[in-house]
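Source file: my_file_39.json; contents: JSON, C-alpha atoms and all ligand atoms.
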[["chain", "number", "residue", "atom", "x", "y", "z"],
["A", 28, "MET", "CA", 17.55, -7.70, 11.29],
["A", 29, "THR", "CA", 20.70, -8.82, 9.50],
["A", 30, "LEU", "CA", 20.17, -9.15, 5.79],
["A", 31, "ASN", "CA", 22.23, -10.73, 3.12],
["A", 32, "ALA", "CA", 23.12, -7.72, 0.98],
["A", 33, "VAL", "CA", 23.39, -9.75, -2.21],
["A", 34, "ALA", "CA", 20.10, -11.60, -1.76],
["A", 35, "SER", "CA", 17.83, -11.79, -4.78],
["A", 36, "PRO", "CA", 14.31, -10.32, -4.38],
["A", 37, "LYS", "CA", 12.95, -13.82, -3.76],
["A", 38, "GLU", "CA", 15.61, -14.59, -1.14],
["A", 39, "HIS", "CA", 15.06, -11.24, 0.51],
["A", 40, "GLN", "CA", 11.31, -11.87, 0.68],
["A", 41, "GLN", "CA", 11.93, -15.24, 2.33],
["A", 42, "GLN", "CA", 14.45, -13.81, 4.78],
["A", 43, "LEU", "CA", 12.01, -11.12, 5.85],
["A", 44, "GLN", "CA", 9.07, -13.50, 6.23],
["A", 45, "ASN", "CA", 11.28, -16.00, 8.12],
["A", 46, "TYR", "CA", 12.49, -13.24, 10.42],
["A", 47, "PHE", "CA", 8.94, -12.55, 11.59],
["A", 48, "LEU", "CA", 8.02, -16.25, 11.75],
["A", 49, "LYS", "CA", 11.04, -16.80, 14.00],
["A", 50, "LYS", "CA", 10.39, -13.71, 16.10],
["A", 51, "SER", "CA", 6.78, -14.76, 16.81],
["A", 52, "PRO", "CA", 6.43, -18.50, 16.13],
["A", 53, "ALA", "CA", 2.80, -18.51, 17.27],
["A", 54, "LEU", "CA", 1.72, -16.08, 14.53],
["A", 55, "SER", "CA", 0.89, -17.31, 11.04],
["A", 56, "LEU", "CA", 1.94, -15.24, 8.03],
["A", 57, "ASN", "CA", -1.70, -14.49, 7.16],
["A", 58, "SER", "CA", -2.36, -13.03, 10.60],
["A", 59, "TYR", "CA", -0.03, -10.13, 9.73],
["A", 60, "ALA", "CA", -2.66, -8.86, 7.29],
["A", 61, "GLU", "CA", -5.28, -8.49, 10.01],
["A", 62, "GLU", "CA", -6.61, -5.09, 11.13],
["A", 63, "TYR", "CA", -3.84, -3.50, 13.12],
["A", 64, "HIS", "CA", -5.12, -0.27, 14.57],
["A", 65, "HIS", "CA", -8.78, -0.84, 15.02],
["A", 66, "ARG", "CA", -9.97, -2.89, 17.96],
["A", 67, "GLY", "CA", -13.65, -1.95, 18.13],
["A", 68, "ASN", "CA", -16.81, -2.72, 16.23],
["A", 69, "THR", "CA", -16.34, -1.92, 12.54],
["A", 70, "ILE", "CA", -20.02, -1.72, 11.68],
["A", 71, "THR", "CA", -22.00, 1.47, 12.29],
["A", 72, "ALA", "CA", -25.65, 1.71, 13.37],
["A", 73, "SER", "CA", -26.63, 1.64, 9.67],
["A", 74, "GLY", "CA", -25.05, -1.83, 9.38],
["A", 75, "LEU", "CA", -22.36, -0.49, 7.03],
["A", 76, "PRO", "CA", -18.67, 0.09, 7.64],
["A", 77, "PRO", "CA", -17.83, 3.69, 8.64],
["A", 78, "TYR", "CA", -16.09, 4.38, 5.31],
["A", 79, "SER", "CA", -19.14, 3.35, 3.28],
["A", 80, "GLN", "CA", -19.86, 6.88, 2.05],
["A", 81, "TYR", "CA", -16.53, 6.65, 0.19],
["A", 82, "THR", "CA", -17.06, 3.19, -1.29],
["A", 83, "GLN", "CA", -20.60, 4.14, -2.36],
["A", 84, "GLN", "CA", -19.29, 7.29, -4.01],
["A", 85, "GLY", "CA", -16.55, 5.17, -5.60],
["A", 86, "LYS", "CA", -19.09, 2.72, -6.97],
["A", 87, "LYS", "CA", -21.11, 5.55, -8.50],
["A", 88, "LEU", "CA", -18.06, 7.18, -10.09],
["A", 89, "PHE", "CA", -16.72, 3.84, -11.28],
["A", 90, "SER", "CA", -19.93, 3.01, -13.14],
["A", 91, "GLU", "CA", -20.13, 6.39, -14.87],
["A", 92, "THR", "CA", -19.75, 6.57, -18.63],
["A", 93, "PHE", "CA", -17.02, 8.81, -20.05],
["A", 94, "SER", "CA", -17.96, 11.37, -22.71],
["A", 95, "ASN", "CA", -16.68, 8.96, -25.41],
["A", 96, "GLY", "CA", -19.11, 6.26, -24.26],
["A", 97, "HIS", "CA", -16.46, 4.07, -22.55],
["A", 98, "GLY", "CA", -15.98, 3.51, -18.84],
["A", 99, "TYR", "CA", -13.51, 2.21, -16.29],
["A", 100, "ARG", "CA", -14.78, -1.34, -16.65],
["A", 101, "TYR", "CA", -13.29, -1.49, -20.18],
["A", 102, "CYS", "CA", -9.82, -0.61, -18.89],
["A", 103, "PHE", "CA", -9.50, -3.47, -16.38],
["A", 104, "ARG", "CA", -10.04, -7.19, -16.59],
["A", 105, "SER", "CA", -13.16, -8.65, -14.89],
["A", 106, "ASN", "CA", -14.85, -5.24, -15.20],
["A", 107, "GLY", "CA", -12.36, -3.96, -12.61],
["A", 108, "MET", "CA", -13.81, -5.97, -9.72],
["A", 109, "GLY", "CA", -11.60, -8.11, -7.46],
["A", 110, "ILE", "CA", -8.47, -7.26, -9.42],
["A", 111, "ALA", "CA", -6.53, -4.93, -7.08],
["A", 112, "SER", "CA", -4.04, -7.75, -6.45],
["A", 113, "ASP", "CA", -2.89, -7.29, -10.08],
["A", 114, "PHE", "CA", -1.15, -4.15, -8.75],
["A", 115, "PRO", "CA", 1.49, -2.95, -8.38],
["A", 116, "TYR", "CA", 3.25, -4.54, -11.30],
["A", 117, "PHE", "CA", 6.41, -3.80, -13.24],
["A", 118, "ASP", "CA", 5.56, -2.80, -16.80],
["A", 119, "VAL", "CA", 8.42, -4.03, -19.00],
["A", 120, "LEU", "CA", 7.44, -1.77, -21.93],
["A", 121, "SER", "CA", 7.66, 1.52, -20.05],
["A", 122, "GLY", "CA", 10.21, 0.31, -17.50],
["A", 123, "GLN", "CA", 7.96, 1.66, -14.73],
["A", 124, "VAL", "CA", 6.01, 0.32, -11.78],
["A", 125, "LYS", "CA", 2.27, 0.75, -12.39],
["A", 126, "THR", "CA", -0.07, 1.04, -9.44],
["A", 127, "LEU", "CA", -3.83, 0.86, -9.23],
["A", 128, "ALA", "CA", -3.94, 4.66, -8.81],
["A", 129, "THR", "CA", -1.79, 5.35, -11.89],
["A", 130, "GLU", "CA", -3.92, 2.93, -13.90],
["A", 131, "ILE", "CA", -7.16, 4.62, -12.86],
["A", 132, "ASN", "CA", -5.71, 7.85, -14.23],
["A", 133, "ALA", "CA", -4.30, 6.13, -17.33],
["A", 134, "CYS", "CA", -7.82, 4.87, -18.04],
["A", 135, "ARG", "CA", -9.21, 8.39, -17.73],
["A", 136, "GLU", "CA", -6.59, 9.92, -19.99],
["A", 137, "GLU", "CA", -6.88, 7.19, -22.65],
["A", 138, "ASN", "CA", -10.55, 8.10, -22.80],
["A", 139, "GLY", "CA", -10.03, 11.85, -23.04],
["A", 140, "GLU", "CA", -10.86, 12.60, -19.39],
["A", 141, "PRO", "CA", -8.54, 14.73, -17.23],
["A", 142, "ALA", "CA", -6.41, 12.86, -14.69],
["A", 143, "TYR", "CA", -7.33, 13.19, -11.03],
["A", 144, "ALA", "CA", -4.89, 14.54, -8.46],
["A", 145, "TYR", "CA", -3.80, 11.60, -6.31],
["A", 146, "ASP", "CA", -5.18, 13.16, -3.15],
["A", 147, "GLN", "CA", -8.50, 14.06, -4.78],
["A", 148, "ALA", "CA", -11.63, 12.66, -3.13],
["A", 149, "GLU", "CA", -12.85, 11.10, -6.41],
["A", 150, "MET", "CA", -9.58, 9.20, -6.90],
["A", 151, "LYS", "CA", -9.62, 7.98, -3.31],
["A", 152, "SER", "CA", -13.24, 6.84, -3.55],
["A", 153, "ILE", "CA", -12.72, 4.83, -6.75],
["A", 154, "HIS", "CA", -9.53, 3.36, -5.30],
["A", 155, "LEU", "CA", -11.30, 2.36, -2.07],
["A", 156, "TYR", "CA", -14.17, 0.77, -3.97],
["A", 157, "MET", "CA", -11.84, -1.32, -6.13],
["A", 158, "MET", "CA", -9.76, -2.36, -3.11],
["A", 159, "GLU", "CA", -12.85, -3.39, -1.15],
["A", 160, "SER", "CA", -13.89, -5.67, -3.99],
["A", 161, "SER", "CA", -10.45, -7.35, -3.72],
["A", 162, "ARG", "CA", -10.31, -7.99, 0.02],
["A", 163, "ARG", "CA", -8.68, -11.39, 0.77],
["A", 164, "ASN", "CA", -7.08, -11.60, -2.68],
["A", 165, "ILE", "CA", -3.61, -13.06, -2.33],
["A", 166, "THR", "CA", -0.67, -10.73, -2.95],
["A", 167, "ASN", "CA", 1.19, -12.10, -5.92],
["A", 168, "VAL", "CA", 3.62, -9.52, -7.27],
["A", 169, "ILE", "CA", 5.52, -10.95, -10.20],
["A", 170, "MET", "CA", 9.19, -10.20, -10.78],
["A", 171, "PRO", "CA", 9.58, -10.18, -14.56],
["A", 172, "ASN", "CA", 12.82, -11.49, -15.99],
["A", 173, "ASP", "CA", 14.12, -7.98, -16.67],
["A", 174, "PRO", "CA", 17.04, -6.29, -14.86],
["A", 175, "ALA", "CA", 15.01, -3.04, -14.75],
["A", 176, "ALA", "CA", 12.36, -4.74, -12.61],
["A", 177, "GLU", "CA", 14.95, -5.93, -10.13],
["A", 178, "GLU", "CA", 16.42, -2.44, -10.12],
["A", 179, "ALA", "CA", 13.03, -0.95, -9.23],
["A", 180, "PHE", "CA", 12.76, -3.49, -6.39],
["A", 181, "ASN", "CA", 16.30, -2.67, -5.21],
["A", 182, "LYS", "CA", 15.56, 1.05, -5.19],
["A", 183, "GLY", "CA", 12.46, 0.43, -3.07],
["A", 184, "GLN", "CA", 14.47, -1.81, -0.75],
["A", 185, "GLN", "CA", 17.23, 0.81, -0.43],
["A", 186, "LEU", "CA", 14.69, 3.45, 0.53],
["A", 187, "PHE", "CA", 13.20, 1.11, 3.14],
["A", 188, "PHE", "CA", 16.58, 0.40, 4.70],
["A", 189, "SER", "CA", 18.33, 3.76, 4.35],
["A", 190, "ARG", "CA", 18.55, 6.20, 7.23],
["A", 191, "ARG", "CA", 17.09, 9.60, 6.53],
["A", 192, "GLY", "CA", 15.86, 12.83, 8.03],
["A", 193, "GLN", "CA", 17.00, 14.54, 11.20],
["A", 194, "LEU", "CA", 16.24, 11.40, 13.24],
["A", 195, "ASP", "CA", 18.54, 9.46, 10.91],
["A", 196, "MET", "CA", 16.19, 6.49, 10.94],
["A", 197, "ALA", "CA", 15.09, 4.06, 8.24],
["A", 198, "CYS", "CA", 11.62, 2.59, 7.72],
["A", 199, "ALA", "CA", 13.23, -0.74, 8.63],
["A", 200, "HIS", "CA", 14.30, 0.46, 12.08],
["A", 201, "CYS", "CA", 10.72, 1.11, 13.08],
["A", 202, "HIS", "CA", 8.87, -1.49, 11.01],
["A", 203, "ILE", "CA", 11.28, -4.42, 11.52],
["A", 204, "ASP", "CA", 13.46, -3.85, 14.58],
["A", 205, "PHE", "CA", 10.94, -1.89, 16.70],
["A", 206, "SER", "CA", 7.73, -3.43, 15.37],
["A", 207, "ASN", "CA", 4.93, -3.76, 17.94],
["A", 208, "GLN", "CA", 6.73, -1.31, 20.19],
["A", 209, "ARG", "CA", 5.50, 2.19, 20.77],
["A", 210, "TYR", "CA", 6.53, 5.32, 18.91],
["A", 211, "SER", "CA", 5.15, 8.11, 21.11],
["A", 212, "GLU", "CA", 1.54, 6.97, 21.63],
["A", 213, "GLN", "CA", 1.36, 4.71, 18.59],
["A", 214, "LEU", "CA", 2.07, 1.03, 18.10],
["A", 215, "ILE", "CA", 4.41, 0.38, 15.18],
["A", 216, "PRO", "CA", 3.02, -2.19, 12.72],
["A", 217, "PRO", "CA", 5.47, -4.82, 11.39],
["A", 218, "ALA", "CA", 6.76, -4.70, 7.79],
["A", 219, "LEU", "CA", 4.73, -7.81, 7.11],
["A", 220, "GLY", "CA", 1.21, -6.62, 6.41],
["A", 221, "LEU", "CA", 2.35, -3.00, 6.15],
["A", 222, "PRO", "CA", 0.91, -2.16, 2.68],
["A", 223, "LEU", "CA", -2.01, -4.60, 2.78],
["A", 224, "ARG", "CA", -4.47, -2.50, 4.81],
["A", 225, "MET", "CA", -4.14, 0.72, 2.83],
["A", 226, "PRO", "CA", -6.00, 2.85, 1.89],
["A", 227, "ARG", "CA", -7.50, 3.16, 5.32],
["A", 228, "TYR", "CA", -10.27, 5.17, 6.86],
["A", 229, "ASP", "CA", -9.23, 7.41, 9.74],
["A", 230, "LYS", "CA", -12.26, 7.81, 11.98],
["A", 231, "ALA", "CA", -10.98, 10.76, 14.00],
["A", 232, "SER", "CA", -10.63, 12.96, 10.91],
["A", 233, "ASP", "CA", -13.24, 11.21, 8.71],
["A", 234, "THR", "CA", -10.67, 11.00, 5.92],
["A", 235, "VAL", "CA", -9.08, 8.35, 3.75],
["A", 236, "THR", "CA", -5.30, 7.93, 3.91],
["A", 237, "THR", "CA", -3.65, 6.30, 0.91],
["A", 238, "LEU", "CA", -0.50, 4.19, 1.02],
["A", 239, "HIS", "CA", 1.63, 6.96, -0.47],
["A", 240, "GLU", "CA", 0.21, 9.57, 1.89],
["A", 241, "ARG", "CA", 1.13, 7.27, 4.78],
["A", 242, "PHE", "CA", 4.66, 6.83, 3.36],
["A", 243, "ASN", "CA", 5.01, 10.61, 3.49],
["A", 244, "GLU", "CA", 3.55, 10.85, 7.00],
["A", 245, "CYS", "CA", 6.11, 8.31, 8.16],
["A", 246, "LEU", "CA", 8.88, 10.20, 6.37],
["A", 247, "SER", "CA", 7.81, 13.30, 8.27],
["A", 248, "TYR", "CA", 8.37, 11.44, 11.58],
["A", 249, "THR", "CA", 12.07, 11.45, 10.75],
["A", 250, "ARG", "CA", 11.76, 15.05, 9.39],
["A", 251, "ALA", "CA", 12.71, 13.84, 5.91],
["A", 252, "LYS", "CA", 11.17, 15.56, 2.90],
["A", 253, "PRO", "CA", 8.02, 14.04, 1.37],
["A", 254, "PHE", "CA", 7.91, 12.76, -2.21],
["A", 255, "PRO", "CA", 5.15, 13.55, -4.72],
["A", 256, "LEU", "CA", 2.30, 11.01, -4.51],
["A", 257, "GLN", "CA", 2.75, 8.28, -7.15],
["A", 258, "SER", "CA", 6.26, 9.51, -7.98],
["A", 259, "GLU", "CA", 8.71, 6.88, -9.19],
["A", 260, "VAL", "CA", 10.41, 6.76, -5.79],
["A", 261, "LEU", "CA", 7.17, 5.94, -3.97],
["A", 262, "ARG", "CA", 5.98, 3.50, -6.66],
["A", 263, "ASN", "CA", 9.27, 1.59, -6.33],
["A", 264, "LEU", "CA", 8.78, 1.52, -2.55],
["A", 265, "GLU", "CA", 5.24, 0.19, -3.07],
["A", 266, "PHE", "CA", 6.58, -2.48, -5.45],
["A", 267, "TYR", "CA", 9.17, -3.55, -2.87],
["A", 268, "LEU", "CA", 6.69, -3.65, 0.01],
["A", 269, "PHE", "CA", 4.04, -5.66, -1.83],
["A", 270, "TYR", "CA", 6.63, -8.08, -3.20],
["A", 271, "VAL", "CA", 7.94, -8.92, 0.27],
["A", 272, "ASN", "CA", 4.32, -9.45, 1.33],
["A", 273, "ASN", "CA", 3.68, -12.00, -1.41],
["A", 274, "THR", "CA", 1.29, -14.82, -0.38],
["A", 275, "LEU", "CA", -0.43, -12.62, 2.26],
["A", 276, "PRO", "CA", -4.01, -11.46, 1.64],
["A", 277, "LEU", "CA", -5.09, -7.88, 0.89],
["A", 278, "ASN", "CA", -7.19, -6.41, 3.68],
["A", 279, "ALA", "CA", -8.14, -2.88, 2.63],
["A", 280, "PRO", "CA", -9.84, -0.64, 3.41],
["A", 281, "SER", "CA", -8.96, -0.79, 7.09],
["A", 282, "ILE", "CA", -10.09, 1.47, 9.90],
["A", 283, "LYS", "CA", -8.08, 3.49, 12.34],
["A", 301, "LIG", "C1", 9.95, 6.53, 13.80],
["A", 301, "LIG", "C2", 9.29, 5.28, 13.46],
["A", 301, "LIG", "C3", 8.78, 5.11, 12.04],
["A", 301, "LIG", "C4", 9.48, 5.24, 10.88],
["A", 301, "LIG", "C5", 10.94, 5.64, 10.69],
["A", 301, "LIG", "C6", 8.57, 4.87, 9.82],
["A", 301, "LIG", "N1", 7.35, 4.55, 10.33],
["A", 301, "LIG", "FE1", 5.74, 3.85, 9.30],
["A", 301, "LIG", "N2", 4.62, 3.86, 11.00],
["A", 301, "LIG", "C7", 5.09, 4.19, 12.25],
["A", 301, "LIG", "C8", 3.98, 4.17, 13.20],
["A", 301, "LIG", "C9", 4.06, 4.52, 14.70],
["A", 301, "LIG", "C10", 2.83, 3.79, 12.47],
["A", 301, "LIG", "C11", 1.40, 3.62, 13.00],
["A", 301, "LIG", "C12", 0.68, 4.95, 12.97],
["A", 301, "LIG", "C13", -0.30, 5.07, 11.85],
["A", 301, "LIG", "O1", -0.36, 4.21, 10.95],
["A", 301, "LIG", "O2", -1.07, 6.04, 11.84],
["A", 301, "LIG", "C14", 3.27, 3.60, 11.08],
["A", 301, "LIG", "C15", 2.44, 3.20, 10.05],
["A", 301, "LIG", "C16", 2.85, 2.93, 8.76],
["A", 301, "LIG", "C17", 1.98, 2.44, 7.69],
["A", 301, "LIG", "C18", 0.49, 2.15, 7.82],
["A", 301, "LIG", "C19", 0.24, 0.71, 8.21],
["A", 301, "LIG", "C20", -1.21, 0.37, 8.55],
["A", 301, "LIG", "O3", -1.55, -0.78, 8.47],
["A", 301, "LIG", "O4", -1.99, 1.27, 8.92],
["A", 301, "LIG", "C21", 2.77, 2.31, 6.57],
["A", 301, "LIG", "C22", 2.32, 1.83, 5.20],
["A", 301, "LIG", "C23", 4.11, 2.72, 6.93],
["A", 301, "LIG", "N3", 4.13, 3.09, 8.26],
["A", 301, "LIG", "C24", 5.21, 2.74, 6.08],
["A", 301, "LIG", "C25", 6.45, 3.31, 6.40],
["A", 301, "LIG", "C26", 7.54, 3.50, 5.44],
["A", 301, "LIG", "C27", 7.51, 3.06, 3.99],
["A", 301, "LIG", "C28", 8.54, 4.13, 6.11],
["A", 301, "LIG", "C29", 9.85, 4.67, 5.55],
["A", 301, "LIG", "C30", 9.73, 5.67, 4.52],
["A", 301, "LIG", "C31", 8.13, 4.29, 7.49],
["A", 301, "LIG", "N4", 6.86, 3.79, 7.62],
["A", 301, "LIG", "C32", 8.91, 4.86, 8.47],
["A", 301, "LIG", "C33", 6.39, 4.49, 12.58],
["A", 301, "LIG", "C34", 7.44, 4.69, 11.69]]

Hey, can you dump this file as structure tokens for me?
Amino acid sequence: MTLNAVASPKEHQQQLQNYFLKKSPALSLNSYAEEYHHRGNTITASGLPPYSQYTQQGKKLFSETFSNGHGYRYCFRSNGMGIASDFPYFDVLSGQVKTLATEINACREENGEPAYAYDQAEMKSIHLYMMESSRRNITNVIMPNDPAAEEAFNKGQQLFFSRRGQLDMACAHCHIDFSNQRYSEQLIPPALGLPLRMPRYDKASDTVTTLHERFNECLSYTRAKPFPLQSEVLRNLEFYLFYVNNTLPLNAPSIK
């Protein structure tokens, strides 16, 4: 894909969406959010999705009261339900991208509870539960009128387009140029829709994979070094990826 290097975030988003619309004129933008990996029945014999033990656990943890009498529902608008599309966002005060995961931990710490590790089962369960309540919400990442926000976007974009690792490949090579082709056994999902199905439930291992864990798994394909989960680098990448997916619906959790 040839990109205008000086494009603004908005222009870049439109170029990317137009690229896919042109490449596959029969596909609507919304269809890029659909389940990508899973082709079978998503309901188990119990009538529940296969990841339901995680969302049930998440619901239980989410409704718990902290030792100071508060709870998660006080930290988020609408009691925290159906609001995952508020994230990620660029926080002008701190100059940082905030994600749903960092805000779950911020809520804990403000209330005197220890932060969770980002790969901890409790964190993943709460995250999954909040995402499930937001399925079909429209991605609407706002670009505040602040050069630092555009810089965060640009850093995410640079990471997506820069070659790295021993394979010397960029995310964009696989997820734009080679999308829907095979990488070893696996089909490569297009950049459109890419962040919208995460976290996802991996049936083979009965585990939940978060967006940042998947970023690192993809980095390891090229033998590049992983980044800490929720580090600034990965939050900027998340900000970039959701912004270019603006107007598409969230569709997490998904199943692989
Ligand atoms: C060598 C090709 C290749 C490169 C480079 C690559 N990916 Fe991937 N990516 C894949 C393949 C194949 C899959 C599908 C396998 C899977 O999700 O388990 C995938 C899946 C994903 C998913 C999950 C999508 C979903 O709906 O399940 C995300 C998110 C993702 N990649 C982001 C990235 C980012 C960000 C980068 C750059 C840091 C990157 N990828 C680099 C091949 C690549």

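For A:Ser35, the set of protein, DNA and RNA residues having any atom at most 12 Å away, when counting all atoms listed in the file and skipping those fewer than 2 positions along the same chain, is A:Leu30, A:Asn31, A:Ala32, A:Val33, A:Lys37, A:Glu38, A:His39, A:Gln40, A:Gln41, A:Gln42, A:Met170, A:Pro174, A:Ala176, A:Glu177, A:Glu178, A:Phe180, A:Asn181, A:Gln184, A:Tyr270, A:Val271.
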
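Between A:Asn132 and the candidates A:Val168, A:Phe117, A:Ala199, A:His154, the tightest atom-to-atom separation, counting all atoms listed in the file, involves A:His154.
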
For ligand LIG 301 (chain A), return the neighbouring residues as an mmCIF file with C-alpha atoms, in the frame of the given file (distance at most 7 Å; all atoms listed in the file).
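Result written to selection23.cif:
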data_model
loop_
_atom_site.group_PDB
_atom_site.id
_atom_site.type_symbol
_atom_site.label_atom_id
_atom_site.label_comp_id
_atom_site.auth_asym_id
_atom_site.auth_seq_id
_atom_site.Cartn_x
_atom_site.Cartn_y
_atom_site.Cartn_z
ATOM 1 C CA TYR A 63 -3.840 -3.500 13.120
ATOM 2 C CA HIS A 64 -5.120 -0.270 14.570
ATOM 3 C CA LEU A 186 14.690 3.450 0.530
ATOM 4 C CA PHE A 187 13.200 1.110 3.140
ATOM 5 C CA MET A 196 16.190 6.490 10.940
ATOM 6 C CA ALA A 197 15.090 4.060 8.240
ATOM 7 C CA CYS A 198 11.620 2.590 7.720
ATOM 8 C CA HIS A 200 14.300 0.460 12.080
ATOM 9 C CA CYS A 201 10.720 1.110 13.080
ATOM 10 C CA HIS A 202 8.870 -1.490 11.010
ATOM 11 C CA ARG A 209 5.500 2.190 20.770
ATOM 12 C CA TYR A 210 6.530 5.320 18.910
ATOM 13 C CA GLN A 213 1.360 4.710 18.590
ATOM 14 C CA LEU A 214 2.070 1.030 18.100
ATOM 15 C CA ILE A 215 4.410 0.380 15.180
ATOM 16 C CA PRO A 216 3.020 -2.190 12.720
ATOM 17 C CA GLY A 220 1.210 -6.620 6.410
ATOM 18 C CA LEU A 221 2.350 -3.000 6.150
ATOM 19 C CA PRO A 222 0.910 -2.160 2.680
ATOM 20 C CA LEU A 223 -2.010 -4.600 2.780
ATOM 21 C CA ARG A 224 -4.470 -2.500 4.810
ATOM 22 C CA MET A 225 -4.140 0.720 2.830
ATOM 23 C CA ARG A 227 -7.500 3.160 5.320
ATOM 24 C CA LEU A 238 -0.500 4.190 1.020
ATOM 25 C CA ARG A 241 1.130 7.270 4.780
ATOM 26 C CA PHE A 242 4.660 6.830 3.360
ATOM 27 C CA ASN A 243 5.010 10.610 3.490
ATOM 28 C CA CYS A 245 6.110 8.310 8.160
ATOM 29 C CA LEU A 246 8.880 10.200 6.370
ATOM 30 C CA TYR A 248 8.370 11.440 11.580
ATOM 31 C CA THR A 249 12.070 11.450 10.750
ATOM 32 C CA LEU A 264 8.780 1.520 -2.550
#

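Comparing the minimum interatomic distances between A:Arg135 and each of A:Val260, A:Leu88, A:Val119, A:Ile165, counting all atoms listed in the file, we find that A:Leu88 sits nearest.
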
### Task
Would you work out the distance separating atom CA of A:Phe266 from atom CA of A:Val124, expressed in Å to one decimal?
6.9 Å

Return as JSON the box centre and box size in Å, one decimal, for an axis-aligned box around all listed atoms of stretch 137-141 of chain A padded by 5 Å per side.
{"center_x": -8.9, "center_y": 11.0, "center_z": -20.1, "size_x": 14.0, "size_y": 17.5, "size_z": 15.8}

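Nearest to A:Pro77 of all the residues A:Tyr101, A:Phe114, A:Tyr228, A:Tyr156 is A:Tyr228, counting all atoms listed in the file.
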
### Task
Name all residues at most 10 Å from A:Glu259 (count all atoms listed in the file; drop same-chain ones fewer than 4 positions away) and give them as a VMD selection string.
chain A and resid 123 to 125 179 182 to 183 254 to 255 263 to 265

I need the residues from that last selection saved to file as a JSON list (two decimals), keeping the file's coordinate frame (with C-alpha atoms), if you can.
[["chain", "number", "residue", "atom", "x", "y", "z"],
["A", 123, "GLN", "CA", 7.96, 1.66, -14.73],
["A", 124, "VAL", "CA", 6.01, 0.32, -11.78],
["A", 125, "LYS", "CA", 2.27, 0.75, -12.39],
["A", 179, "ALA", "CA", 13.03, -0.95, -9.23],
["A", 182, "LYS", "CA", 15.56, 1.05, -5.19],
["A", 183, "GLY", "CA", 12.46, 0.43, -3.07],
["A", 254, "PHE", "CA", 7.91, 12.76, -2.21],
["A", 255, "PRO", "CA", 5.15, 13.55, -4.72],
["A", 263, "ASN", "CA", 9.27, 1.59, -6.33],
["A", 264, "LEU", "CA", 8.78, 1.52, -2.55],
["A", 265, "GLU", "CA", 5.24, 0.19, -3.07]]

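Restricting the calculation to all atoms listed in the file, the smallest distance between A:Ile169 and any of A:Pro276, A:Gly192, A:Pro115, A:Gly96 is found for A:Pro115.
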
### Task
Counting all atoms listed in the file, figure out which residue out of A:Ala148, A:Ala218, A:Ala175, A:Leu268 gets nearest to A:Gln80.
A:Ala148

#### Entry: A:Lys87 surroundings by only C-alpha atoms, 10 Å radius, close-in-sequence under 4 positions cut, as a count of residues only
7

#### Entry: Residue with smallest distance to A:Phe205 - pool A:Lys252, A:His97, A:His239, A:Lys50, counting all atoms listed in the file
A:Lys50

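Excluding A:Glu159 itself and same-chain residues fewer than 4 positions from it, the residues having an atom within 8 Å of it are Thr82, Gly109, Leu155, Ala279 and Pro280 of chain A, counting all atoms listed in the file.
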
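Reported to one decimal place, the separation of atom CA of A:Leu120 from atom CA of A:Cys134 is 17.1 Å.
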
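Between atom CA of A:Pro226 and atom CA of A:Tyr78 lies a distance of 10.8 Å.
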